[in-house]
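**Student:** Contents are CSV, C-alpha atoms and all ligand atoms; file name target-v4.csv:
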chain,number,residue,atom,x,y,z
N,1,MET,CA,35.4,137.9,132.4
N,2,GLY,CA,38.6,138.5,134.2
N,3,ARG,CA,39.6,141.0,131.5
N,4,GLU,CA,39.7,144.1,133.8
N,5,PHE,CA,43.5,144.3,133.7
N,6,LEU,CA,44.0,144.4,129.9
N,7,ASP,CA,44.9,148.2,129.9
N,8,ILE,CA,48.0,147.2,132.0
N,9,PHE,CA,49.1,144.8,129.3
N,10,ALA,CA,48.5,147.2,126.4
N,11,GLU,CA,51.0,149.5,128.1
N,12,TRP,CA,53.4,146.8,129.4
N,13,ALA,CA,53.6,144.7,126.2
N,14,ASP,CA,56.7,146.5,124.7
N,15,SER,CA,58.8,146.3,127.8
N,16,TYR,CA,57.4,143.0,129.3
N,17,ASP,CA,60.4,140.9,128.2
N,18,GLN,CA,62.8,143.4,129.9
N,19,THR,CA,60.8,143.1,133.1
N,20,VAL,CA,60.9,139.3,133.1
N,21,SER,CA,64.7,139.4,132.6
N,22,GLY,CA,65.0,141.3,135.9
N,23,HIS,CA,65.3,144.9,134.7
N,24,ASP,CA,62.6,146.2,137.1
N,25,PRO,CA,63.9,146.1,140.8
N,26,GLN,CA,60.3,146.0,142.1
N,27,TYR,CA,59.5,142.8,140.2
N,28,MET,CA,62.9,141.2,140.4
N,29,GLU,CA,61.9,138.6,143.0
N,30,VAL,CA,58.6,137.9,141.3
N,31,PHE,CA,60.4,137.0,138.1
N,32,SER,CA,63.5,135.4,139.6
N,33,ASN,CA,64.2,132.0,138.1
N,34,TYR,CA,61.7,133.0,135.3
N,35,ASN,CA,63.3,130.7,132.7
N,36,GLN,CA,63.5,127.7,135.1
N,37,ILE,CA,59.8,128.3,136.0
N,38,LEU,CA,58.8,128.1,132.3
N,39,GLU,CA,61.0,124.9,132.0
N,40,GLU,CA,59.3,123.4,135.0
N,41,VAL,CA,55.9,124.0,133.6
N,42,ALA,CA,56.8,122.7,130.1
N,43,ASN,CA,58.5,119.6,131.6
N,44,ARG,CA,55.2,118.6,133.3
N,45,ALA,CA,53.0,119.3,130.3
N,46,ILE,CA,51.8,116.4,128.1
N,47,SER,CA,51.5,116.2,124.4
N,48,THR,CA,48.6,118.4,123.2
N,49,VAL,CA,48.6,121.6,125.2
N,50,LEU,CA,46.3,124.5,125.7
N,51,GLU,CA,48.1,127.5,127.1
N,52,PHE,CA,46.3,130.5,128.6
N,53,GLY,CA,47.6,134.0,129.0
N,54,VAL,CA,50.4,133.4,126.4
N,55,GLY,CA,51.7,137.0,126.8
N,56,THR,CA,54.7,137.6,124.6
N,57,GLY,CA,55.0,133.8,123.9
N,58,ASN,CA,57.9,132.8,126.2
N,59,LEU,CA,56.3,129.7,127.6
N,60,THR,CA,54.9,128.8,124.2
N,61,GLN,CA,58.5,128.8,122.8
N,62,VAL,CA,59.7,126.4,125.6
N,63,LEU,CA,56.7,124.1,125.0
N,64,LEU,CA,57.4,124.0,121.3
N,65,GLN,CA,61.1,123.3,121.9
N,66,LYS,CA,60.0,120.2,123.9
N,67,GLY,CA,58.1,118.9,120.9
N,68,LEU,CA,54.7,119.6,122.3
N,69,LYS,CA,51.7,120.7,120.2
N,70,VAL,CA,50.4,124.0,121.5
N,71,THR,CA,47.4,126.2,121.0
N,72,GLY,CA,47.5,129.6,122.8
N,73,VAL,CA,44.8,131.8,124.2
N,74,GLU,CA,45.5,135.5,124.9
N,75,PRO,CA,43.1,138.4,125.4
N,76,SER,CA,45.5,141.3,124.9
N,77,LYS,CA,45.9,142.4,121.3
N,78,GLU,CA,49.3,144.0,122.1
N,79,MET,CA,50.7,140.9,123.8
N,80,ARG,CA,49.3,138.6,121.0
N,81,GLN,CA,51.1,140.7,118.3
N,82,ILE,CA,54.4,140.3,120.1
N,83,ALA,CA,53.9,136.6,120.6
N,84,LEU,CA,53.0,136.1,116.9
N,85,GLN,CA,56.2,137.9,115.8
N,86,LYS,CA,58.3,135.5,117.9
N,87,LEU,CA,56.5,132.2,117.2
N,88,PRO,CA,56.5,130.0,114.1
N,89,SER,CA,53.6,130.7,111.8
N,90,PHE,CA,52.0,127.3,112.4
N,91,VAL,CA,51.2,128.2,116.0
N,92,GLU,CA,47.7,129.3,116.6
N,93,ILE,CA,47.2,132.1,119.3
N,94,ASN,CA,43.5,132.7,119.7
N,95,GLU,CA,41.7,135.7,121.1
N,96,GLY,CA,40.1,134.6,124.4
N,97,ASP,CA,40.6,134.2,128.1
N,98,PHE,CA,40.6,131.6,130.9
N,99,LEU,CA,36.8,131.3,130.7
N,100,THR,CA,35.8,132.1,127.1
N,101,PHE,CA,37.9,130.5,124.4
N,102,PRO,CA,37.6,128.5,121.2
N,103,MET,CA,37.0,124.9,122.4
N,104,GLN,CA,39.8,122.5,121.2
N,105,GLU,CA,39.5,118.8,120.7
N,106,GLY,CA,42.1,116.4,122.2
N,107,ILE,CA,43.7,118.7,124.8
N,108,GLN,CA,45.7,116.7,127.3
N,109,SER,CA,47.2,119.4,129.4
N,110,ILE,CA,46.2,123.0,130.2
N,111,VAL,CA,49.1,125.3,131.2
N,112,SER,CA,49.7,128.9,132.2
N,113,THR,CA,52.3,131.1,133.8
N,114,TYR,CA,51.9,134.4,135.7
N,115,ALA,CA,48.2,134.8,134.6
N,116,PHE,CA,45.6,132.9,136.7
N,117,HIS,CA,45.5,135.6,139.3
N,118,HIS,CA,43.5,137.8,136.9
N,119,LEU,CA,40.5,135.8,137.8
N,120,THR,CA,38.5,136.2,141.0
N,121,ASP,CA,38.3,133.1,143.2
N,122,GLU,CA,34.7,132.6,142.0
N,123,GLU,CA,36.0,132.7,138.4
N,124,LYS,CA,38.9,130.4,139.2
N,125,GLU,CA,36.4,127.8,140.5
N,126,LYS,CA,34.3,128.2,137.3
N,127,ALA,CA,37.5,127.8,135.2
N,128,PHE,CA,38.5,124.5,137.0
N,129,ARG,CA,35.0,123.1,136.4
N,130,ILE,CA,35.3,123.9,132.6
N,131,TYR,CA,38.8,122.3,132.5
N,132,SER,CA,37.5,119.2,134.4
N,133,SER,CA,34.9,118.7,131.7
N,134,MET,CA,37.6,118.9,129.0
N,135,LEU,CA,40.2,116.5,130.4
N,136,ASP,CA,40.2,112.8,131.0
N,137,LYS,CA,41.6,110.8,133.9
N,138,GLY,CA,45.4,111.3,134.2
N,139,GLN,CA,45.4,114.5,132.1
N,140,LYS,CA,46.4,117.7,133.9
N,141,ILE,CA,46.5,121.4,134.6
N,142,VAL,CA,49.9,122.9,135.3
N,143,PHE,CA,49.8,126.6,136.4
N,144,ALA,CA,52.7,128.6,137.8
N,145,ASP,CA,51.6,131.9,139.4
N,146,THR,CA,52.0,134.1,142.5
N,147,MET,CA,50.1,132.6,145.4
N,148,PHE,CA,50.6,132.4,149.2
N,149,GLU,CA,50.7,129.6,151.8
N,150,SER,CA,48.4,131.6,154.0
N,151,GLU,CA,46.6,134.9,154.3
N,152,GLN,CA,49.1,135.9,157.0
N,153,ILE,CA,52.1,135.3,154.6
N,154,PHE,CA,50.2,137.3,151.9
N,155,THR,CA,49.7,140.3,154.3
N,156,THR,CA,53.4,140.1,155.3
N,157,MET,CA,54.5,140.1,151.7
N,158,ILE,CA,52.4,143.3,151.0
N,159,GLU,CA,53.9,145.0,154.1
N,160,ASP,CA,57.4,144.0,153.0
N,161,ALA,CA,56.8,145.5,149.5
N,162,LYS,CA,55.5,148.7,151.1
N,163,GLN,CA,58.6,148.9,153.5
N,164,LYS,CA,60.9,148.5,150.5
N,165,GLY,CA,59.1,151.4,148.8
N,166,TYR,CA,57.9,148.9,146.1
N,167,ASN,CA,54.6,150.7,145.7
N,168,ARG,CA,53.7,149.4,142.3
N,169,LEU,CA,54.3,145.8,143.5
N,170,ALA,CA,52.2,146.5,146.7
N,171,GLY,CA,49.4,148.1,144.7
N,172,ASP,CA,49.4,145.1,142.3
N,173,LEU,CA,49.3,142.6,145.2
N,174,LEU,CA,46.4,144.6,146.7
N,175,SER,CA,44.3,145.1,143.5
N,176,GLU,CA,44.6,141.8,141.5
N,177,TYR,CA,43.1,138.5,142.7
N,178,TYR,CA,46.0,136.6,144.3
N,179,THR,CA,44.9,133.7,146.4
N,180,THR,CA,46.2,131.2,148.9
N,181,ILE,CA,47.2,127.6,148.3
N,182,PRO,CA,44.6,126.1,150.7
N,183,LYS,CA,41.9,127.9,148.7
N,184,LEU,CA,43.2,126.9,145.3
N,185,LYS,CA,43.6,123.3,146.5
N,186,ASP,CA,40.0,123.2,147.7
N,187,MET,CA,38.7,124.6,144.4
N,188,VAL,CA,40.7,122.3,142.1
N,189,THR,CA,40.0,119.2,144.3
N,190,SER,CA,36.2,120.0,144.2
N,191,ALA,CA,36.4,120.1,140.4
N,192,GLY,CA,37.8,116.5,140.4
N,193,PHE,CA,41.6,116.9,140.5
N,194,SER,CA,44.4,115.8,142.8
N,195,ALA,CA,46.8,118.7,143.3
N,196,ASP,CA,50.4,119.2,144.4
N,197,PHE,CA,52.2,122.6,144.9
N,198,LYS,CA,55.9,123.5,144.9
N,199,GLN,CA,57.5,126.8,145.6
N,200,LEU,CA,59.7,128.3,142.8
N,201,ASN,CA,60.6,131.7,144.3
N,202,GLN,CA,59.3,133.9,147.1
N,203,PHE,CA,56.1,134.6,145.2
N,204,VAL,CA,55.6,131.9,142.5
N,205,TRP,CA,54.4,128.4,143.1
N,206,ILE,CA,53.6,125.7,140.6
N,207,MET,CA,50.4,123.8,140.8
N,208,GLU,CA,50.1,120.4,139.1
N,209,ALA,CA,46.5,119.1,139.2
N,210,ILE,CA,45.8,115.7,137.8
N,211,LYS,CA,42.3,114.7,136.8
N,212,ARG,CA,41.1,111.8,139.1
A,1,LIG,C1,52.1,138.7,133.5
A,1,LIG,S1,51.6,138.2,131.8
A,1,LIG,C2,52.3,136.6,131.7
A,1,LIG,C3,52.6,136.2,130.3
A,1,LIG,C4,53.3,134.9,130.1
A,1,LIG,N1,52.4,133.8,130.4
A,1,LIG,C5,54.6,134.8,130.9
A,1,LIG,O1,54.7,133.9,131.7
A,1,LIG,O2,55.5,135.6,130.7
A,1,LIG,C6,49.9,137.9,132.1
A,1,LIG,C7,49.1,137.6,130.8
A,1,LIG,O3,47.8,137.2,131.1
A,1,LIG,C8,46.9,137.8,130.2
A,1,LIG,N2,45.6,137.9,130.8
A,1,LIG,C9,45.0,138.9,131.6
A,1,LIG,N3,43.8,138.6,131.9
A,1,LIG,C10,43.5,137.3,131.4
A,1,LIG,C11,42.4,136.4,131.4
A,1,LIG,N4,41.3,136.7,132.0
A,1,LIG,N5,42.5,135.2,130.7
A,1,LIG,C12,43.7,134.9,130.1
A,1,LIG,N6,44.8,135.7,130.1
A,1,LIG,C13,44.7,136.9,130.7
A,1,LIG,C14,47.5,139.2,130.0
A,1,LIG,O4,47.0,139.8,128.8
A,1,LIG,C15,49.0,138.8,129.9
A,1,LIG,O5,49.4,138.5,128.6
Represent the supplied structure as structure tokens.
**Tutor:**
Amino acid sequence: MGREFLDIFAEWADSYDQTVSGHDPQYMEVFSNYNQILEEVANRAISTVLEFGVGTGNLTQVLLQKGLKVTGVEPSKEMRQIALQKLPSFVEINEGDFLTFPMQEGIQSIVSTYAFHHLTDEEKEKAFRIYSSMLDKGQKIVFADTMFESEQIFTTMIEDAKQKGYNRLAGDLLSEYYTTIPKLKDMVTSAGFSADFKQLNQFVWIMEAIKR
């Protein structure tokens, strides 16, 4: 379920932290303000946190620094291994994905960065329904990811990447399941949340969805 991109992460795991620090020109804008994006997500999270798509553990570290209790979920063995080397031994990083994961009691916020676009829109809707059944009123989902204000802006960004010769970026935008804010808002609202969105760079927005 949404695991069709794991080969990319098996290959990318060792150099992933270099990419997020701006070493790859094609992805420089996608990862611009990366540390502030992680901070912004962590600042909105509340007490007991479930984090999806932990990757190399960068957001997990920020959440822990803020005194939050975190359990992680990550489907890629290669990414999980790097995260586990970085993180204190008491942190649990489970094998799983956005839809299939060990159910945890007492979760108050569900967070993720740069990962939700691995689900199709149908899978995203399913994920929101699962999270709605786990959270109580006032508890929340905080996701930062690439998304677009409209289909037209999405198309323009793909053309822009092609024009700059950023063919890996253009290919990524075309092949993974990036969506638009109106669609996400519709999905998450139908699942029982009130959602706000804020732009963090040209590609990445943060969605904070509070259970009604
Ligand atoms: C671009 S990395 C982001 C890592 C980290 N969250 C960060 O902000 O640096 C995307 C992560 O999502 C994971 N991923 C891919 N498909 C997933 C799925 N269906 N459910 C959860 N995580 C997934 C990948 O293995 C990878 O670790």
**Student:** Would you mind listing what lies within 8 Å of stretch 114-116 of chain N as an mmCIF file with C-alpha atoms, in the coordinates of the input, with all atoms listed in the file counted and same-chain residues fewer than 6 positions away left out?
**Tutor:**
data_model
loop_
_atom_site.group_PDB
_atom_site.id
_atom_site.type_symbol
_atom_site.label_atom_id
_atom_site.label_comp_id
_atom_site.auth_asym_id
_atom_site.auth_seq_id
_atom_site.Cartn_x
_atom_site.Cartn_y
_atom_site.Cartn_z
ATOM 1 C CA PHE N 52 46.300 130.500 128.600
ATOM 2 C CA GLY N 53 47.600 134.000 129.000
ATOM 3 C CA PHE N 98 40.600 131.600 130.900
ATOM 4 C CA LYS N 124 38.900 130.400 139.200
ATOM 5 C CA PHE N 143 49.800 126.600 136.400
ATOM 6 C CA ALA N 144 52.700 128.600 137.800
ATOM 7 C CA ASP N 145 51.600 131.900 139.400
ATOM 8 C CA THR N 146 52.000 134.100 142.500
#
**Student:** What's the 12 Å shell around N:Ser47, counting all atoms listed in the file, without same-chain residues fewer than 5 positions away, as a short mmCIF file (atom, residue, chain, number, x, y, z; two decimals) with C-alpha atoms, keeping the file's coordinate frame?
**Tutor:**
data_model
loop_
_atom_site.label_atom_id
_atom_site.label_comp_id
_atom_site.auth_asym_id
_atom_site.auth_seq_id
_atom_site.Cartn_x
_atom_site.Cartn_y
_atom_site.Cartn_z
CA ALA N 42 56.80 122.70 130.10
CA LEU N 63 56.70 124.10 125.00
CA LEU N 64 57.40 124.00 121.30
CA LYS N 66 60.00 120.20 123.90
CA GLY N 67 58.10 118.90 120.90
CA LEU N 68 54.70 119.60 122.30
CA LYS N 69 51.70 120.70 120.20
CA VAL N 70 50.40 124.00 121.50
CA THR N 71 47.40 126.20 121.00
CA GLY N 106 42.10 116.40 122.20
CA ILE N 107 43.70 118.70 124.80
CA GLN N 108 45.70 116.70 127.30
CA SER N 109 47.20 119.40 129.40
CA ILE N 110 46.20 123.00 130.20
CA VAL N 111 49.10 125.30 131.20
CA GLN N 139 45.40 114.50 132.10
CA LYS N 140 46.40 117.70 133.90
#
**Student:** Can you list, as a list in words, every protein, DNA or RNA residue that comes within 12 Å of N:Leu6 when you count all atoms listed in the file, leaving out same-chain residues fewer than 6 positions away?
**Tutor:** Trp12, Ala13, Gly53, Gly55, Glu74, Pro75, Ser76, Lys77, Glu78, Met79, Arg80, Gly96, Asp97, Ala115, His118 and Glu176 of chain N
**Student:** Using all atoms listed in the file, which protein or nucleic acid residues come within 12 Å of N:Glu208? Drop anything in the same chain fewer than 3 positions from it, and give the result as number ranges by chain.
**Tutor:** N: 40-46, 109-112, 138-145, 184-185, 188-189, 193-199, 205, 211
**Student:** I'd like to know which of N:Asn94, N:Glu29, N:Leu119, N:Met103 is closest to ligand LIG 1 (chain A), using all atoms listed in the file.
**Tutor:** N:Leu119
**Student:** Could you work out how far atom CA of N:Val204 lies from atom CA of N:Gln18, giving the answer in Å with one decimal?
**Tutor:**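 Atom CA of N:Val204 lies 18.5 Å from atom CA of N:Gln18.
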**Student:** Out of N:Met134, N:Arg129, N:Gln85, N:Asp172, which residue has the shortest atom-to-atom distance to ligand LIG 1 (chain A) when counting only C-alpha atoms and all ligand atoms?
**Tutor:**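 Nearest candidate to ligand LIG 1 (chain A) out of N:Met134, N:Arg129, N:Gln85, N:Asp172: N:Asp172.
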**Student:** Choose the residue, out of N:Leu135, N:Val49, N:Ile158, N:Val20, that has the smallest atom-to-atom separation from N:Ile210; count only C-alpha atoms.
**Tutor:**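 Going through N:Leu135, N:Val49, N:Ile158, N:Val20 one by one, the smallest distance to N:Ile210 is for N:Leu135.
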**Student:** I'd like the interatomic distance between atom C15 of ligand LIG 1 (chain A) and atom CA of N:Val73, to a tenth of an Å.
**Tutor:**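 Interatomic distance, atom C15 of ligand LIG 1 (chain A) to atom CA of N:Val73: 10.0 Å.
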**Student:** May I ask for the distance between atom CA of N:Gly57 and atom O5 of ligand LIG 1 (chain A), given in Å to one decimal place?
**Tutor:**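 These atoms are spaced 8.7 Å apart.
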**Student:** Restricting the calculation to only C-alpha atoms and all ligand atoms, which member of N:Ser150, N:Thr100, N:Ser175, N:Gln202 is positioned closest to ligand LIG 1 (chain A)?
**Tutor:**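 Using only C-alpha atoms and all ligand atoms, ligand LIG 1 (chain A) sits closest to N:Thr100.
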**Student:** Could you check which of N:Tyr166, N:Phe90, N:Tyr177, N:Phe154 is closest to ligand LIG 1 (chain A), using all atoms listed in the file?
**Tutor:**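 That would be N:Tyr177, the residue with the smallest distance to ligand LIG 1 (chain A).
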**Student:** Just checking: using all atoms listed in the file, which residue out of N:Met207, N:Val62, N:Gln26, N:Met157 ends up closest to ligand LIG 1 (chain A)?
**Tutor:**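 Closest residue, counting all atoms listed in the file: N:Val62.
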